[in-house]
Amino acid sequence: MLKYMILAKMTPEGTKYFKGWPASIDGVLETFTQMGGKLIGFYACGALYDFVGIGDLPSPEVAEMYRRLVVSGGLVEAQVIRLFTKEEFDQLIEALPTEL
């Protein structure tokens with residue numbers, strides 16, 4: 001499985017339904033699991049994003065499908081970012097050609 005960070009920010013339309021967010025979040029997290037994901041953590045936050053989730057998904061395609069599903073209601077904007085362990089990052093760097 002691949003590790004991802006999901007960054008979500010409420011749209012102006014989404015802020016109108018703030019009281020309903022706990023139930024909405026539960027549904028979104030259930031969908032994550034149904035799509036083969038394993039949730040590591042979910043956090044509400046301030047500043048640039050309203051919500052941050054970290055979890056495992058089976059493929060980049062599933063990650064993109066999940067992102068598109070989440071934003072399809074128009075209540076949040078979301079980014080899904082692939083995370084690499086230190087070992088995975090080291091392998092990427094080692095695989096780079098020495099000259100371009």
# chains A, B, ... in the order shown; residues from 1 in each chain; ligands from 1

$ residues_around --residues "stretch 24-34 of chain A" --least-positions-apart "2" --cutoff "12 Å" --atoms "only C-alpha atoms" --output "ChimeraX atom specification"
/A:4,6,8,10,14,17-22,36-44,50-58,62-73,75-76

$ write_last_selection --atoms "C-alpha atoms" --output "PDB file, in the first residue's frame"
ATOM      1  CA  TYR A   4      -0.940   9.562   1.225  1.00  0.00           C
ATOM      2  CA  ILE A   6      -5.082  14.373   2.095  1.00  0.00           C
ATOM      3  CA  ALA A   8      -8.910  19.528   2.523  1.00  0.00           C
ATOM      4  CA  MET A  10     -13.954  23.908   3.008  1.00  0.00           C
ATOM      5  CA  GLY A  14     -19.105  24.044   2.618  1.00  0.00           C
ATOM      6  CA  TYR A  17     -22.998  23.377   6.542  1.00  0.00           C
ATOM      7  CA  PHE A  18     -20.415  23.505   9.317  1.00  0.00           C
ATOM      8  CA  LYS A  19     -22.697  21.903  11.938  1.00  0.00           C
ATOM      9  CA  GLY A  20     -23.155  18.857   9.702  1.00  0.00           C
ATOM     10  CA  TRP A  21     -19.440  18.228   9.190  1.00  0.00           C
ATOM     11  CA  PRO A  22     -18.986  15.506  11.848  1.00  0.00           C
ATOM     12  CA  GLY A  36      -9.347  -0.192   0.143  1.00  0.00           C
ATOM     13  CA  GLY A  37      -7.776   2.491   2.323  1.00  0.00           C
ATOM     14  CA  LYS A  38      -6.393   2.159   5.810  1.00  0.00           C
ATOM     15  CA  LEU A  39      -6.721   5.341   7.863  1.00  0.00           C
ATOM     16  CA  ILE A  40      -3.713   6.262   9.980  1.00  0.00           C
ATOM     17  CA  GLY A  41      -4.999   9.577  11.291  1.00  0.00           C
ATOM     18  CA  PHE A  42      -7.498  12.359  10.662  1.00  0.00           C
ATOM     19  CA  TYR A  43      -7.165  15.855  12.060  1.00  0.00           C
ATOM     20  CA  ALA A  44      -9.108  19.095  11.986  1.00  0.00           C
ATOM     21  CA  ASP A  50      -9.381  22.663   7.548  1.00  0.00           C
ATOM     22  CA  PHE A  51      -8.724  18.917   7.582  1.00  0.00           C
ATOM     23  CA  VAL A  52      -5.706  16.649   7.156  1.00  0.00           C
ATOM     24  CA  GLY A  53      -5.874  12.903   6.749  1.00  0.00           C
ATOM     25  CA  ILE A  54      -3.070  10.381   6.481  1.00  0.00           C
ATOM     26  CA  GLY A  55      -3.613   6.866   5.270  1.00  0.00           C
ATOM     27  CA  ASP A  56      -2.681   4.041   2.967  1.00  0.00           C
ATOM     28  CA  LEU A  57      -4.320   3.473  -0.400  1.00  0.00           C
ATOM     29  CA  PRO A  58      -3.703   0.660  -2.878  1.00  0.00           C
ATOM     30  CA  VAL A  62      -7.529   4.906  -6.279  1.00  0.00           C
ATOM     31  CA  ALA A  63      -6.092   7.998  -4.581  1.00  0.00           C
ATOM     32  CA  GLU A  64      -7.197  10.192  -7.489  1.00  0.00           C
ATOM     33  CA  MET A  65     -10.634   8.570  -7.644  1.00  0.00           C
ATOM     34  CA  TYR A  66     -11.030   9.206  -3.919  1.00  0.00           C
ATOM     35  CA  ARG A  67     -10.011  12.865  -4.294  1.00  0.00           C
ATOM     36  CA  ARG A  68     -12.455  13.394  -7.137  1.00  0.00           C
ATOM     37  CA  LEU A  69     -15.240  11.744  -5.171  1.00  0.00           C
ATOM     38  CA  VAL A  70     -14.563  13.948  -2.127  1.00  0.00           C
ATOM     39  CA  VAL A  71     -14.585  17.191  -4.125  1.00  0.00           C
ATOM     40  CA  SER A  72     -17.577  16.228  -6.289  1.00  0.00           C
ATOM     41  CA  GLY A  73     -20.054  17.580  -3.738  1.00  0.00           C
ATOM     42  CA  LEU A  75     -18.126  21.404  -0.207  1.00  0.00           C
ATOM     43  CA  VAL A  76     -14.348  20.943  -0.061  1.00  0.00           C
TER      44      VAL A  76
END

$ select_by_dssp --residues "stretch 27-79 of chain A" --states "helix (DSSP H, G or I)" --output "count of residues only"
20

$ atom_distance --atom1 "atom CA of A:Met1" --atom2 "atom CA of A:Glu61"
12.3 Å

$ closest_residue --among "A:Leu2, A:Lys16, A:Leu100, A:Lys9" --to "A:Glu88" --atoms "only C-alpha atoms"
A:Leu2

$ select_by_dssp --residues "stretch 5-100 of chain A" --states "strand (DSSP E)" --output "list in words"
Met5, Ile6, Leu7, Ala8, Lys9, Met10, Lys38, Leu39, Ile40, Gly41, Phe42, Tyr43, Ala44, Phe51, Val52, Gly53, Ile54, Gly55, Asp56, Leu57, Val76, Glu77, Ala78, Gln79, Val80, Ile81, Arg82 and Leu83 of chain A

$ write_last_selection --atoms "N, CA and C atoms" --output "PDB file, in the first residue's frame"
ATOM      1  N   MET A   5      -1.184  11.800   2.070  1.00  0.00           N
ATOM      2  CA  MET A   5      -1.706  12.845   2.932  1.00  0.00           C
ATOM      3  C   MET A   5      -2.810  13.545   2.138  1.00  0.00           C
ATOM      4  N   ILE A   6      -3.954  13.706   2.739  1.00  0.00           N
ATOM      5  CA  ILE A   6      -5.082  14.373   2.095  1.00  0.00           C
ATOM      6  C   ILE A   6      -5.306  15.699   2.805  1.00  0.00           C
ATOM      7  N   LEU A   7      -5.185  16.775   2.039  1.00  0.00           N
ATOM      8  CA  LEU A   7      -5.380  18.115   2.575  1.00  0.00           C
ATOM      9  C   LEU A   7      -6.707  18.641   2.051  1.00  0.00           C
ATOM     10  N   ALA A   8      -7.587  19.070   2.938  1.00  0.00           N
ATOM     11  CA  ALA A   8      -8.910  19.528   2.523  1.00  0.00           C
ATOM     12  C   ALA A   8      -9.224  20.887   3.136  1.00  0.00           C
ATOM     13  N   LYS A   9      -9.861  21.712   2.324  1.00  0.00           N
ATOM     14  CA  LYS A   9     -10.287  23.045   2.763  1.00  0.00           C
ATOM     15  C   LYS A   9     -11.743  23.221   2.361  1.00  0.00           C
ATOM     16  N   MET A  10     -12.542  23.675   3.306  1.00  0.00           N
ATOM     17  CA  MET A  10     -13.954  23.908   3.008  1.00  0.00           C
ATOM     18  C   MET A  10     -14.098  25.027   1.979  1.00  0.00           C
ATOM     19  N   LYS A  38      -6.586   2.381   4.376  1.00  0.00           N
ATOM     20  CA  LYS A  38      -6.393   2.159   5.810  1.00  0.00           C
ATOM     21  C   LYS A  38      -6.041   3.511   6.424  1.00  0.00           C
ATOM     22  N   LEU A  39      -6.923   4.026   7.255  1.00  0.00           N
ATOM     23  CA  LEU A  39      -6.721   5.341   7.863  1.00  0.00           C
ATOM     24  C   LEU A  39      -5.679   5.260   8.973  1.00  0.00           C
ATOM     25  N   ILE A  40      -4.719   6.158   8.928  1.00  0.00           N
ATOM     26  CA  ILE A  40      -3.713   6.262   9.980  1.00  0.00           C
ATOM     27  C   ILE A  40      -4.099   7.362  10.954  1.00  0.00           C
ATOM     28  N   GLY A  41      -4.581   8.482  10.422  1.00  0.00           N
ATOM     29  CA  GLY A  41      -4.999   9.577  11.291  1.00  0.00           C
ATOM     30  C   GLY A  41      -5.804  10.606  10.528  1.00  0.00           C
ATOM     31  N   PHE A  42      -6.691  11.278  11.236  1.00  0.00           N
ATOM     32  CA  PHE A  42      -7.498  12.359  10.662  1.00  0.00           C
ATOM     33  C   PHE A  42      -7.508  13.499  11.668  1.00  0.00           C
ATOM     34  N   TYR A  43      -7.291  14.710  11.169  1.00  0.00           N
ATOM     35  CA  TYR A  43      -7.165  15.855  12.060  1.00  0.00           C
ATOM     36  C   TYR A  43      -7.890  17.064  11.482  1.00  0.00           C
ATOM     37  N   ALA A  44      -8.577  17.786  12.346  1.00  0.00           N
ATOM     38  CA  ALA A  44      -9.108  19.095  11.986  1.00  0.00           C
ATOM     39  C   ALA A  44      -8.028  20.102  12.360  1.00  0.00           C
ATOM     40  N   PHE A  51      -8.842  20.318   7.195  1.00  0.00           N
ATOM     41  CA  PHE A  51      -8.724  18.917   7.582  1.00  0.00           C
ATOM     42  C   PHE A  51      -7.488  18.303   6.934  1.00  0.00           C
ATOM     43  N   VAL A  52      -6.840  17.406   7.676  1.00  0.00           N
ATOM     44  CA  VAL A  52      -5.706  16.649   7.156  1.00  0.00           C
ATOM     45  C   VAL A  52      -5.929  15.185   7.503  1.00  0.00           C
ATOM     46  N   GLY A  53      -5.788  14.333   6.519  1.00  0.00           N
ATOM     47  CA  GLY A  53      -5.874  12.903   6.749  1.00  0.00           C
ATOM     48  C   GLY A  53      -4.618  12.225   6.243  1.00  0.00           C
ATOM     49  N   ILE A  54      -4.210  11.180   6.924  1.00  0.00           N
ATOM     50  CA  ILE A  54      -3.070  10.381   6.481  1.00  0.00           C
ATOM     51  C   ILE A  54      -3.515   8.931   6.473  1.00  0.00           C
ATOM     52  N   GLY A  55      -3.214   8.260   5.369  1.00  0.00           N
ATOM     53  CA  GLY A  55      -3.613   6.866   5.270  1.00  0.00           C
ATOM     54  C   GLY A  55      -2.960   6.169   4.106  1.00  0.00           C
ATOM     55  N   ASP A  56      -3.197   4.882   4.037  1.00  0.00           N
ATOM     56  CA  ASP A  56      -2.681   4.041   2.967  1.00  0.00           C
ATOM     57  C   ASP A  56      -3.786   3.789   1.956  1.00  0.00           C
ATOM     58  N   LEU A  57      -3.412   3.829   0.693  1.00  0.00           N
ATOM     59  CA  LEU A  57      -4.320   3.473  -0.400  1.00  0.00           C
ATOM     60  C   LEU A  57      -3.595   2.523  -1.339  1.00  0.00           C
ATOM     61  N   VAL A  76     -15.767  20.832  -0.397  1.00  0.00           N
ATOM     62  CA  VAL A  76     -14.348  20.943  -0.061  1.00  0.00           C
ATOM     63  C   VAL A  76     -13.511  20.949  -1.327  1.00  0.00           C
ATOM     64  N   GLU A  77     -12.350  21.554  -1.204  1.00  0.00           N
ATOM     65  CA  GLU A  77     -11.277  21.409  -2.188  1.00  0.00           C
ATOM     66  C   GLU A  77     -10.279  20.473  -1.534  1.00  0.00           C
ATOM     67  N   ALA A  78      -9.680  19.586  -2.297  1.00  0.00           N
ATOM     68  CA  ALA A  78      -8.770  18.616  -1.688  1.00  0.00           C
ATOM     69  C   ALA A  78      -7.571  18.344  -2.581  1.00  0.00           C
ATOM     70  N   GLN A  79      -6.482  18.069  -1.933  1.00  0.00           N
ATOM     71  CA  GLN A  79      -5.262  17.622  -2.593  1.00  0.00           C
ATOM     72  C   GLN A  79      -4.869  16.294  -1.963  1.00  0.00           C
ATOM     73  N   VAL A  80      -4.392  15.385  -2.780  1.00  0.00           N
ATOM     74  CA  VAL A  80      -3.906  14.109  -2.286  1.00  0.00           C
ATOM     75  C   VAL A  80      -2.435  14.035  -2.664  1.00  0.00           C
ATOM     76  N   ILE A  81      -1.598  13.892  -1.663  1.00  0.00           N
ATOM     77  CA  ILE A  81      -0.152  13.944  -1.871  1.00  0.00           C
ATOM     78  C   ILE A  81       0.468  12.621  -1.459  1.00  0.00           C
ATOM     79  N   ARG A  82       1.207  12.024  -2.364  1.00  0.00           N
ATOM     80  CA  ARG A  82       1.911  10.766  -2.074  1.00  0.00           C
ATOM     81  C   ARG A  82       3.041  11.053  -1.095  1.00  0.00           C
ATOM     82  N   LEU A  83       3.152  10.221  -0.063  1.00  0.00           N
ATOM     83  CA  LEU A  83       4.218  10.341   0.923  1.00  0.00           C
ATOM     84  C   LEU A  83       5.199   9.191   0.741  1.00  0.00           C
TER      85      LEU A  83
END

$ atom_distance --atom1 "atom CA of A:Ile93" --atom2 "atom CA of A:Lys3"
18.4 Å

$ decode --residues "stretch 53-97 of chain A" --atoms "C-alpha atoms" --output "compact mmCIF listing (two decimals), in the first residue's frame"
# COMPACT_ATOMS: atom_id res chain seq x y z
CA GLY A 53 -5.87 12.90 6.75
CA ILE A 54 -3.07 10.38 6.48
CA GLY A 55 -3.61 6.87 5.27
CA ASP A 56 -2.68 4.04 2.97
CA LEU A 57 -4.32 3.47 -0.40
CA PRO A 58 -3.70 0.66 -2.88
CA SER A 59 -2.68 2.77 -5.90
CA PRO A 60 -2.33 6.29 -7.32
CA GLU A 61 -5.46 5.68 -9.38
CA VAL A 62 -7.53 4.91 -6.28
CA ALA A 63 -6.09 8.00 -4.58
CA GLU A 64 -7.20 10.19 -7.49
CA MET A 65 -10.63 8.57 -7.64
CA TYR A 66 -11.03 9.21 -3.92
CA ARG A 67 -10.01 12.87 -4.29
CA ARG A 68 -12.46 13.39 -7.14
CA LEU A 69 -15.24 11.74 -5.17
CA VAL A 70 -14.56 13.95 -2.13
CA VAL A 71 -14.58 17.19 -4.12
CA SER A 72 -17.58 16.23 -6.29
CA GLY A 73 -20.05 17.58 -3.74
CA GLY A 74 -18.54 21.06 -3.98
CA LEU A 75 -18.13 21.40 -0.21
CA VAL A 76 -14.35 20.94 -0.06
CA GLU A 77 -11.28 21.41 -2.19
CA ALA A 78 -8.77 18.62 -1.69
CA GLN A 79 -5.26 17.62 -2.59
CA VAL A 80 -3.91 14.11 -2.29
CA ILE A 81 -0.15 13.94 -1.87
CA ARG A 82 1.91 10.77 -2.07
CA LEU A 83 4.22 10.34 0.92
CA PHE A 84 7.51 8.48 0.79
CA THR A 85 9.35 6.85 3.66
CA LYS A 86 13.00 7.77 4.13
CA GLU A 87 13.98 4.44 2.58
CA GLU A 88 11.73 4.98 -0.46
CA PHE A 89 13.10 8.50 -0.91
CA ASP A 90 16.68 7.21 -0.69
CA GLN A 91 15.89 4.66 -3.44
CA LEU A 92 14.44 7.41 -5.65
CA ILE A 93 17.56 9.52 -5.24
CA GLU A 94 19.87 6.56 -5.87
CA ALA A 95 17.98 5.76 -9.09
CA LEU A 96 18.55 9.24 -10.54
CA PRO A 97 21.04 9.37 -13.39
